[in-house]
Each structure stands twice: as structure tokens, then as C-alpha cells.
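Notes to accompany the following structure.
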Amino acid sequence: MKIDSLSIAQRFAKAGQSYHQHAVIQKQIAAQLVQLMQQHLPKYISGRCLEIGCGSGHLSQLLLSQLLLGEEQQFQPDTYFCNDLYDEVKQHFAYDSRLTWLIGDIELLGLPNDLQVIVSSSALQWMQDIDALLAKMHAALATQSYLCFSS
């Protein structure tokens with residue numbers, strides 16, 4: 001199946017104002033992903049993080065606003081790269097000096113190096129060539145790093 005990323009971007013941009021409040025399932029999926037991260041990641045995570053398909057920020061907000069994910073676990077990235085297809089997603093985010101934007105099709109963009117964590121919630125199913133993207137993500141991850149996603 002051929003996926004038209006421009007059409008997807010246009011549809012999400014059109015629904016951008018109301019998407020965040022109506023995306024109940026996406027909120028639940030992001031919360032479940034954070035719970036799994038709590039269970040399986042080390043107690044302390046810092047460094048560089050990339051979120052693919054940040055959308056209106058459900059996962060980003062959970063990870064960045066709750067520095068303590070659990071009583072003993074901390075997620076404190078130095079840099080949090082936010083990716084999405086369209087620039088308007090920035091409206092859903094409060095200023096945070098750790099945020100760096102990577103706007104565009106993640107399959108076409110270059111990825112930052114030495115990432116400690118790559119996260120994605122409800123976005124990878126839209127990829128045209130998931131195998132190529134997985135290889136690209138693997139190359140961008142530092143040693144002993146993590147890919148955490150839900151789809």
C-alpha cells in the first residue's frame with residue numbers, strides 16, 4: 001500500500017485545533033507506552049531523544065512534564081527532537097529549551113546521531129518503508145540505547 005505523506009500531513013493539519021482533545025485512544029496508547037518504558041528502561045535516562053510523529057504532544061507531554069516517571073525513575077533528556085510532518089504541531093507545545101524541531105517526513109530527513117532513546121506512539125504505521133526506517137534509526141542510536149514505540 002502506498003502512503004501519501006503529504007495527504008496525511010494536510011489532514012492532520014486541518015484537524016490540528018481539535019485533534020488533541022478528541023484523540024482519546026492516542027492518549028491511552030501514549031500512557032501505556034510510558035508505563036512500558038517505566039518497566040523496561042533503566043532508572044535514569046538522559047542524553048538525546050527523538051520522538052517520531054509527535055503530533056499534538058500526548059507522548060511528549062507525558063515524558064517531558066513528568067520528569068519522574070515513577071518513584072525512582074527519571075527521564076531527563078538534554079535534547080528532545082520532535083518530529084512531525086507539518087510545522088503547525090508546534091502550537092501544541094509550551095516553550096522548553098530542550099525541544100528541537102525536525103519537521104518533515106522522517107523517512108526522508110537525516111536523523112541526529114548518538115540518540116539514547118527514540119520514541120514513537122501511533123505513527124510508525126504510516127511509514128512506507130518501515131525496514132529502511134528501522135535501519136536508519138538503528139544507525140542513529142548510541143550503544144546501549146532504546147527504541148520504544150507503539151502502533
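A note on labels: chains of the C-alpha cells are A, B, ... as shown, every chain counts residues from 1, and ligands are counted from 1 in their shown order.
Close contacts of Ile29 of chain A, defined as residues with an atom at most 9 Å away when counting only C-alpha atoms, with chain neighbours fewer than 2 positions off set aside, comprise Val24, Ile25, Gln26, Lys27, Ala31, Gln32, Leu33, Val34, Leu59, Ser121, Ser122, Ser150 and Ser151 of chain A.
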Keeping C-alpha atoms for every residue in the selection just given, could you write it to a file as a short mmCIF file (atom, residue, chain, number, x, y, z; two decimals), in the first residue's frame?
```cif
data_model
loop_
_atom_site.label_atom_id
_atom_site.label_comp_id
_atom_site.auth_asym_id
_atom_site.auth_seq_id
_atom_site.Cartn_x
_atom_site.Cartn_y
_atom_site.Cartn_z
CA VAL A 24 -8.69 9.77 23.39
CA ILE A 25 -7.30 6.47 22.12
CA GLN A 26 -3.96 8.10 21.22
CA LYS A 27 -3.73 9.46 24.79
CA ALA A 31 0.17 6.48 28.54
CA GLN A 32 0.56 2.74 28.05
CA LEU A 33 3.85 3.27 26.23
CA VAL A 34 5.15 5.37 29.13
CA LEU A 59 3.60 11.36 24.48
CA SER A 121 3.36 6.49 19.55
CA SER A 122 0.75 5.84 16.87
CA SER A 150 3.53 1.64 19.95
CA SER A 151 1.47 1.29 16.82
#
```
List every residue of segment 27-68 of chain A that DSSP, applied to the backbone, labels as alpha helix (DSSP H), and write the result as an MDAnalysis selection string. chainID A and resid 27:40 58:65
For those residues, write C-alpha atoms to a file as a CSV table (one decimal), in the first residue's frame.
```csv
chain,number,residue,atom,x,y,z
A,27,LYS,CA,-3.7,9.5,24.8
A,28,GLN,CA,-4.3,6.0,26.2
A,29,ILE,CA,-1.7,4.5,23.8
A,30,ALA,CA,0.9,7.1,24.8
A,31,ALA,CA,0.2,6.5,28.5
A,32,GLN,CA,0.6,2.7,28.1
A,33,LEU,CA,3.9,3.3,26.2
A,34,VAL,CA,5.1,5.4,29.1
A,35,GLN,CA,4.2,2.6,31.6
A,36,LEU,CA,6.1,0.1,29.5
A,37,MET,CA,9.1,2.4,29.4
A,38,GLN,CA,8.9,2.6,33.2
A,39,GLN,CA,9.0,-1.2,33.4
A,40,HIS,CA,11.8,-1.9,30.9
A,58,HIS,CA,0.4,13.4,24.0
A,59,LEU,CA,3.6,11.4,24.5
A,60,SER,CA,5.9,14.4,24.6
A,61,GLN,CA,3.9,16.0,27.4
A,62,LEU,CA,3.9,12.8,29.4
A,63,LEU,CA,7.6,12.3,29.0
A,64,LEU,CA,8.7,15.9,29.4
A,65,SER,CA,6.3,17.3,32.0
```
Query - Contacts of Leu108 of chain A within 12 Å, only C-alpha atoms, excl. fewer than 2 positions in-chain, as a VMD selection string - result: chain A and resid 5 83 to 85 102 to 106 110 to 111 127 to 129 132 to 133 136
Include N, CA and C atoms and write out the residues we just selected as a CSV table (one decimal), in the first residue's frame.
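Saved the output as result.csv:
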```csv
chain,number,residue,atom,x,y,z
A,5,SER,N,2.3,10.8,2.3
A,5,SER,CA,2.6,11.6,3.5
A,5,SER,C,2.1,13.0,3.4
A,83,ASN,N,9.6,15.3,16.0
A,83,ASN,CA,9.4,15.2,14.5
A,83,ASN,C,7.9,15.1,14.2
A,84,ASP,N,7.5,15.8,13.2
A,84,ASP,CA,6.2,15.6,12.6
A,84,ASP,C,6.2,16.1,11.2
A,85,LEU,N,5.1,15.9,10.5
A,85,LEU,CA,5.1,16.2,9.1
A,85,LEU,C,4.8,17.7,8.8
A,102,LEU,N,12.2,18.8,14.1
A,102,LEU,CA,12.6,18.1,12.9
A,102,LEU,C,11.3,18.0,12.1
A,103,ILE,N,11.0,19.0,11.3
A,103,ILE,CA,9.7,19.0,10.6
A,103,ILE,C,9.9,18.4,9.2
A,104,GLY,N,9.1,17.4,8.9
A,104,GLY,CA,9.1,16.8,7.6
A,104,GLY,C,8.9,15.3,7.7
A,105,ASP,N,9.0,14.6,6.6
A,105,ASP,CA,8.8,13.2,6.5
A,105,ASP,C,10.0,12.5,7.1
A,106,ILE,N,9.9,11.8,8.2
A,106,ILE,CA,11.0,11.2,8.9
A,106,ILE,C,11.8,10.2,8.0
A,110,GLY,N,17.4,13.5,7.6
A,110,GLY,CA,18.5,12.9,8.3
A,110,GLY,C,18.2,12.9,9.8
A,111,LEU,N,18.7,11.9,10.5
A,111,LEU,CA,18.4,11.8,11.9
A,111,LEU,C,19.6,12.2,12.7
A,127,MET,N,4.4,4.6,7.9
A,127,MET,CA,5.6,4.6,7.1
A,127,MET,C,5.5,3.7,5.9
A,128,GLN,N,6.1,4.2,4.8
A,128,GLN,CA,6.1,3.4,3.5
A,128,GLN,C,7.1,2.3,3.5
A,129,ASP,N,8.3,2.5,4.1
A,129,ASP,CA,9.3,1.5,4.1
A,129,ASP,C,9.9,1.4,5.6
A,132,ALA,N,13.5,0.2,6.1
A,132,ALA,CA,14.6,1.2,5.8
A,132,ALA,C,14.6,2.2,7.0
A,133,LEU,N,13.5,2.5,7.5
A,133,LEU,CA,13.4,3.5,8.7
A,133,LEU,C,14.0,2.8,9.9
A,136,LYS,N,17.7,3.0,9.6
A,136,LYS,CA,18.2,4.4,9.8
A,136,LYS,C,18.1,4.7,11.3
```
From the DSSP assignment of the backbone, select every residue of segment 84-120 of chain A that is strand (DSSP E or B), and format the answer as a PyMOL selection string. chain A and resi 84+99-103+115-120
Dump as a short mmCIF file (atom, residue, chain, number, x, y, z; two decimals), in the first residue's frame, selection limited to N, CA and C atoms:
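In the end it all went to again26.cif:
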```
data_model
loop_
_atom_site.label_atom_id
_atom_site.label_comp_id
_atom_site.auth_asym_id
_atom_site.auth_seq_id
_atom_site.Cartn_x
_atom_site.Cartn_y
_atom_site.Cartn_z
N ASP A 84 7.47 15.81 13.21
CA ASP A 84 6.16 15.58 12.62
C ASP A 84 6.19 16.13 11.21
N LEU A 99 13.64 21.33 23.50
CA LEU A 99 12.99 20.97 22.24
C LEU A 99 13.77 21.46 21.02
N THR A 100 13.96 20.56 20.07
CA THR A 100 14.50 20.88 18.75
C THR A 100 13.56 20.24 17.75
N TRP A 101 13.16 21.00 16.74
CA TRP A 101 12.15 20.53 15.79
C TRP A 101 12.78 19.92 14.55
N LEU A 102 12.25 18.79 14.13
CA LEU A 102 12.61 18.13 12.87
C LEU A 102 11.31 17.96 12.08
N ILE A 103 10.96 18.98 11.34
CA ILE A 103 9.70 18.97 10.60
C ILE A 103 9.91 18.38 9.22
N LEU A 115 21.65 9.05 19.63
CA LEU A 115 20.39 9.13 20.37
C LEU A 115 20.37 8.07 21.46
N GLN A 116 19.94 8.44 22.65
CA GLN A 116 19.78 7.49 23.74
C GLN A 116 18.45 6.77 23.64
N VAL A 117 17.43 7.49 23.16
CA VAL A 117 16.08 6.94 23.06
C VAL A 117 15.42 7.48 21.79
N ILE A 118 14.74 6.60 21.07
CA ILE A 118 13.81 7.00 20.02
C ILE A 118 12.45 6.50 20.48
N VAL A 119 11.46 7.39 20.50
CA VAL A 119 10.11 7.03 20.90
C VAL A 119 9.14 7.39 19.78
N SER A 120 8.06 6.64 19.71
CA SER A 120 7.02 6.93 18.73
C SER A 120 5.73 6.26 19.18
#
```
Using only C-alpha atoms, which residues sit within 10 Å of Ser97 of chain A once same-chain residues fewer than 5 positions away are excluded, as an mmCIF file with N, CA, C and O atoms, in the first residue's frame?
```cif
data_model
loop_
_atom_site.group_PDB
_atom_site.id
_atom_site.type_symbol
_atom_site.label_atom_id
_atom_site.label_comp_id
_atom_site.auth_asym_id
_atom_site.auth_seq_id
_atom_site.Cartn_x
_atom_site.Cartn_y
_atom_site.Cartn_z
ATOM 1 N N ASP A 78 18.630 15.782 27.549
ATOM 2 C CA ASP A 78 19.261 17.090 27.352
ATOM 3 C C ASP A 78 18.647 17.778 26.134
ATOM 4 O O ASP A 78 18.438 18.979 26.128
ATOM 5 N N THR A 79 18.398 16.971 25.101
ATOM 6 C CA THR A 79 17.783 17.459 23.867
ATOM 7 C C THR A 79 16.657 16.508 23.490
ATOM 8 O O THR A 79 16.842 15.293 23.510
ATOM 9 N N TYR A 80 15.490 17.059 23.171
ATOM 10 C CA TYR A 80 14.328 16.268 22.777
ATOM 11 C C TYR A 80 13.942 16.718 21.372
ATOM 12 O O TYR A 80 13.401 17.802 21.175
#
```
note - atom CA of Ser145 of chain A and atom CA of Gly55 of chain A are separated by 23.4 Å
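Considering the residues A:Ile52, A:Gly57, A:Pro42, A:Asn113 and counting only C-alpha atoms, Trp126 of chain A has its shortest atom-to-atom contact with A:Ile52.
Counting from atom CA of Phe75 of chain A, the distance to atom CA of Gln125 of chain A is 25.5 Å.
Atom to atom, atom CA of Pro112 of chain A and atom CA of Val89 of chain A stand 19.8 Å apart.
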